[in-house]
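S.K.: This is the structure I have questions about; it appears just below.
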Amino acid sequence: MQRVVVIGSGDGGTFTANLLASELHDEIRGGLASVQLVGEHLKHPFQPGNLDVAFKGADPEKYVKDETELLRKGVDFIQDPAVKIDCASRSVTTKSGRVLGYDFLIIATGAVADPSKIPGLAEGSMNFHTGGESAERIWQALQKFEGGTIVVAIAGTPHKCPPSPDEAAFMLDEFFRKRGIRDKVKIQFLTPYPRPYPAEKISKVVEPMFQEKGIEVSTFFNVDTVDPKERKIYSLEGEAFDYDLLIAVPPHHGADVITNSGIGDQDGYVPTDRGTMMVIGQENAYCIGDATNIPVSKSGVVAHLQSVVVAHNIVAEIEKSQDLLEYNGRINCPMEVGQRRAIFVSATYTSPPTDQTPSMVKYYMKRSFAMIYWRALNGSLERIFDLFFGKTRFPLSKPLEPEKKIEVKVTEGGKTNA
Amino acid sequence: MSAVEQHKVIDSRGSFCPGPITDLFKAYRSAQLGDVIELLATDPAAKADVTAWAQKSGNELVDVIDEQGYMRIIVKITKKRG
């Protein structure tokens with residue numbers, strides 16, 4: 001019996017469990033394999049929908065389905081969150097005290113947006129990263145907003161959906177133009193990065209559009225504190241901006257189960273091999289999506305593409321096949337820029353994002369993702385995705401074994417150990 | 001000025017923009033005035049990004065040393081709120 005346990009029932013976890021249930025259909029039926037999906041919530045949100053909730057007034061319920069509706073036959077969904085992972089004994093303990101042994105573990109516990117990490121941020125700001133209800137509060141606030149300064153700030157990196165702060169600024173601009181009061185609203189964009197979008201080629205597209213739309217940008221702004229009473233946001237670098245409405249991307253960290261299990265880095269992300277997605281230093285354990293420490297976009301597309309590699313390799317391991325794959329770092333993050341136009345931020349580990357021209361076709365492709373998301377989770381659209389995304393994986397060039405843990409190269413006292 | 005100044009080495013080699021500058025900001029967040037942060041980077045954009053940040057923020061770019069296949073970018077924290 002090969003027991004596969006997937007922790008986290010978001011995009012990556014759900015999709016991986018479905019792929020495995022499909023690929024191991026005969027083994028599961030014959031009692032030779034099992035796929036257990038351990039998750040906290042029965043409701044599964046389409047998180048990118050929060051932008052539409054916040055800035056277009058969409059109903060959050062439109063972007064939520066029951067997890068059980070999304071799972072293939074053969075996936076055993078356990079709605080009981082994991083609280084401890086013990087890689088040594090190959091077991092996962094759930095909140096209710098259930099202990100699940102595994103032969104293969106997939107960690108898909110995501111990233112947590114946490115406004116409490118910055119003093120004053122939770123009280124002084126609104127956001128669309130902590131769920132549909134939070135996003136809905138932005139929409140309600142925008143209805144009442146008659147003029148003043150709206151600050152859009154990135155209060156921590158990395159964060160989910162890299163284009164989302166820029167999209168928020170574009171969507172605010174469009175919202176107030178439609179309301180006919182754009183001239184009464186100042187939109188101030190604060191970013192820790194050197195430019196409006198971290199990737200230079202994409203920034204060259206965004207920057208002139210921000211200028212044209214009158215969206216003001218301040219770079220190298222690392223949020224230090226927020227003073228909700230004075231309505232002021234301060235940076236570590238010593239700058240300050242007044243605001244009437246603050247929309248901030250909160251700092252993110254890994255899930256508590258990672259930190260509590262002692263397998264995360266200082267931010268709770270899991271050290272992971274960027275090709276095989278194996279957890280560094282652990283046997284038969286994989287990590288995908290927002291939960292990894294890999295410097296690649298925290299996005300659904302990335303989780304999806306990594307899932308394909310992990311599910312393929314686990315099946316290969318079970319079937320004792322040498323046909324193993326590596327993920328090539330492919331990202332594809334759509335960014336809406338207003339007036340029914342969008343760009344796609346696309347790259348791999350070895351090819352940075354290239355020039356983009358905003359287009360209506362890309363806008364409608366982005367909108368269509370929201371419609372096909374639910375079907376994509378059961379794996380039935382993989383052929384289309386393979387055509388769309390092109391090369392996202394290649395044959396593994398090394399043995400499938402976990403990399404050894406290396407010493408963190410941070411020294412104190414003037415000595416370099418690099 | 002902190003009682004004991006720290007010299008931290010951050011290894012961002014193999015990471016592309018915005019990886020190195022993001023790693024620098026993480027170290028900056030926990031640094032004290034007088035601390036030195038040494039960023040190891042292979043991404044050529046890191047030099048320009050860190051230089052621009054130091055100029056804007058008032059921190060000191062001490063040196064950029066070309067090593068074989070990577071750079072050592074050394075910054076002294078001379079300005080930080082709080």
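Quick note on naming: the chains in the structure tokens go A, B, ... in the order shown, residues restart at 1 in each chain, and ligands are numbered from 1 in order of appearance.
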Identify, on the basis of only C-alpha atoms, every residue whose closest approach to Tyr28 in chain B does not exceed 12 Å; exclude the query and any residue fewer than 2 positions from it along the same chain; express the result as a PyMOL selection string.

M.R.: (chain A and resi 192+220+222-224+235-237) or (chain B and resi 6-10+21-26+30-39+50+53-54+57+59+75-81)

S.K.: Could you dump the residues just selected with C-alpha atoms as a PDB file, in the first residue's frame?

M.R.:
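After the write, selection.pdb holds the following:
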```pdb
ATOM      1  CA  PRO A 192       9.682  48.508  -1.991  1.00  0.00           C
ATOM      2  CA  PHE A 220      12.065  51.891  -2.332  1.00  0.00           C
ATOM      3  CA  ASN A 222       9.594  49.484   2.757  1.00  0.00           C
ATOM      4  CA  VAL A 223       6.633  49.899   5.063  1.00  0.00           C
ATOM      5  CA  ASP A 224       7.673  50.345   8.686  1.00  0.00           C
ATOM      6  CA  SER A 235       8.804  53.638   5.526  1.00  0.00           C
ATOM      7  CA  LEU A 236      11.958  52.207   7.068  1.00  0.00           C
ATOM      8  CA  GLU A 237      13.819  54.635   4.791  1.00  0.00           C
TER       9      GLU A 237
ATOM     10  CA  GLN B   6      26.759  43.293  12.921  1.00  0.00           C
ATOM     11  CA  HIS B   7      28.160  42.143   9.588  1.00  0.00           C
ATOM     12  CA  LYS B   8      25.632  39.983   7.810  1.00  0.00           C
ATOM     13  CA  VAL B   9      26.255  38.087   4.617  1.00  0.00           C
ATOM     14  CA  ILE B  10      23.211  37.385   2.490  1.00  0.00           C
ATOM     15  CA  ILE B  21      17.049  43.404  -3.459  1.00  0.00           C
ATOM     16  CA  THR B  22      14.224  41.649  -1.588  1.00  0.00           C
ATOM     17  CA  ASP B  23      16.807  39.700   0.415  1.00  0.00           C
ATOM     18  CA  LEU B  24      18.605  42.964   1.177  1.00  0.00           C
ATOM     19  CA  PHE B  25      15.360  44.537   2.423  1.00  0.00           C
ATOM     20  CA  LYS B  26      14.723  41.580   4.726  1.00  0.00           C
ATOM     21  CA  SER B  30      16.171  43.649  11.172  1.00  0.00           C
ATOM     22  CA  ALA B  31      19.389  45.704  10.958  1.00  0.00           C
ATOM     23  CA  GLN B  32      20.578  48.412  13.328  1.00  0.00           C
ATOM     24  CA  LEU B  33      22.382  51.620  12.444  1.00  0.00           C
ATOM     25  CA  GLY B  34      26.048  50.855  11.846  1.00  0.00           C
ATOM     26  CA  ASP B  35      25.452  47.273  10.695  1.00  0.00           C
ATOM     27  CA  VAL B  36      27.049  46.119   7.466  1.00  0.00           C
ATOM     28  CA  ILE B  37      25.137  43.952   5.008  1.00  0.00           C
ATOM     29  CA  GLU B  38      27.064  42.070   2.371  1.00  0.00           C
ATOM     30  CA  LEU B  39      24.897  40.860  -0.481  1.00  0.00           C
ATOM     31  CA  VAL B  50      21.185  48.438  -4.563  1.00  0.00           C
ATOM     32  CA  TRP B  53      18.260  52.238  -3.100  1.00  0.00           C
ATOM     33  CA  ALA B  54      21.304  53.407  -1.131  1.00  0.00           C
ATOM     34  CA  SER B  57      17.446  56.041   1.281  1.00  0.00           C
ATOM     35  CA  ASN B  59      22.413  54.425   3.286  1.00  0.00           C
ATOM     36  CA  VAL B  75      26.175  48.309   2.317  1.00  0.00           C
ATOM     37  CA  LYS B  76      26.471  50.105   5.641  1.00  0.00           C
ATOM     38  CA  ILE B  77      23.208  50.956   7.352  1.00  0.00           C
ATOM     39  CA  THR B  78      23.432  54.650   8.093  1.00  0.00           C
ATOM     40  CA  LYS B  79      19.756  55.550   7.837  1.00  0.00           C
ATOM     41  CA  LYS B  80      16.772  53.744   9.222  1.00  0.00           C
ATOM     42  CA  ARG B  81      13.639  55.036  10.875  1.00  0.00           C
TER      43      ARG B  81
END
```

S.K.: Give me every helix (DSSP H, G or I) residue in chain B, going by DSSP on the backbone, as a ChimeraX atom specification.

M.R.: /B:19-30,45-57

S.K.: Got a sec: who's within 10 Å of range 12-21 of chain A, counting only C-alpha atoms, leaving out chain neighbours fewer than 5 positions off, as an MDAnalysis selection string?

M.R.: chainID A and resid 4:7 26:29 33:39 44 67:68 70:77 106:110 287:291 299:312 314:315 374 376:380

S.K.: Find the spatial neighbours of range 95-103 of chain A, counting only C-alpha atoms, within a cut-off of 7 Å - ignore same-chain residues fewer than 2 positions away - and output them as a list in words.

M.R.: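 Residues meeting the cut-off are Gln2, Arg3, Val4, Val5, Asp80, Pro81, Ala82, Val83, Arg90, Ser91, Val92, Thr93, Leu105 and Asn284 of chain A.
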
S.K.: Kindly export the residues of the current selection with N, CA and C atoms, as a compact mmCIF listing (two decimals), in the first residue's frame.

M.R.:
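Output file again_16.txt follows:
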```txt
# COMPACT_ATOMS: atom_id res chain seq x y z
N GLN A 2 0.70 2.09 -1.02
CA GLN A 2 1.44 3.36 -1.09
C GLN A 2 0.50 4.48 -0.64
N ARG A 3 0.87 5.10 0.48
CA ARG A 3 -0.01 6.13 1.04
C ARG A 3 0.52 7.53 0.69
N VAL A 4 -0.29 8.27 -0.04
CA VAL A 4 0.09 9.65 -0.39
C VAL A 4 -0.78 10.60 0.44
N VAL A 5 -0.13 11.48 1.17
CA VAL A 5 -0.86 12.48 1.95
C VAL A 5 -0.54 13.86 1.38
N ASP A 80 -9.81 18.47 8.41
CA ASP A 80 -9.23 18.45 9.75
C ASP A 80 -7.79 18.92 9.56
N PRO A 81 -7.50 20.18 9.81
CA PRO A 81 -6.19 20.71 9.40
C PRO A 81 -5.01 20.02 10.06
N ALA A 82 -3.93 19.94 9.29
CA ALA A 82 -2.68 19.37 9.83
C ALA A 82 -2.07 20.36 10.81
N VAL A 83 -1.60 19.85 11.93
CA VAL A 83 -0.95 20.74 12.91
C VAL A 83 0.52 20.36 13.11
N ARG A 90 7.53 9.91 9.27
CA ARG A 90 6.65 9.98 8.10
C ARG A 90 5.19 9.97 8.52
N SER A 91 4.83 10.99 9.30
CA SER A 91 3.43 11.08 9.73
C SER A 91 2.99 12.53 9.83
N VAL A 92 1.69 12.72 9.72
CA VAL A 92 1.06 14.03 9.84
C VAL A 92 0.00 13.93 10.93
N THR A 93 0.01 14.88 11.85
CA THR A 93 -1.00 14.88 12.90
C THR A 93 -1.99 16.00 12.62
N LEU A 105 4.67 12.52 0.83
CA LEU A 105 3.99 13.69 1.40
C LEU A 105 4.09 14.86 0.43
N ASN A 284 11.13 11.62 0.53
CA ASN A 284 9.75 11.39 0.07
C ASN A 284 8.78 12.52 0.43
```

S.K.: Can you work out which one of B:Ala41, B:Val62, B:Ala52, B:Ile74 has the shortest atom-to-atom distance to chain A, counting only C-alpha atoms?

M.R.: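 Looking at the shortest contact to chain A, the residue is B:Ala52.
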
S.K.: For CA of Tyr70 in chain B and CA of Leu40 in chain B, determine how far apart the two atoms are, in Å to one decimal place.

M.R.: 6.7 Å

S.K.: With only C-alpha atoms as the basis for distance, which of B:Glu60, B:Asp43, B:Asp66, B:Asp49 is at the shortest distance from chain A?

M.R.: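 Nearest candidate to chain A out of B:Glu60, B:Asp43, B:Asp66, B:Asp49: B:Asp49.
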
S.K.: Write out as a PDB file with C-alpha atoms, in the first residue's frame which residues come within 7 Å of Asp173 in chain A when counting only C-alpha atoms, dropping same-chain ones fewer than 4 positions away.

M.R.:
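Saved the output as part.pdb:
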```
ATOM      1  CA  ALA A 169      -4.003  50.832  -8.899  1.00  0.00           C
ATOM      2  CA  ARG A 177     -13.077  57.528 -13.994  1.00  0.00           C
ATOM      3  CA  ARG A 182     -11.075  60.806 -10.904  1.00  0.00           C
TER       4      ARG A 182
END
```

S.K.: Considering only strand (DSSP E or B) as DSSP defines it on the backbone, what residues of range 121-317 of chain A qualify? List them as a VMD selection string.

M.R.: chain A and resid 126 148 to 154 160 185 to 190 215 to 218 223 to 227 232 to 235 240 to 242 245 to 249 252 to 254 270 272 278 to 279 285 to 287 292 298
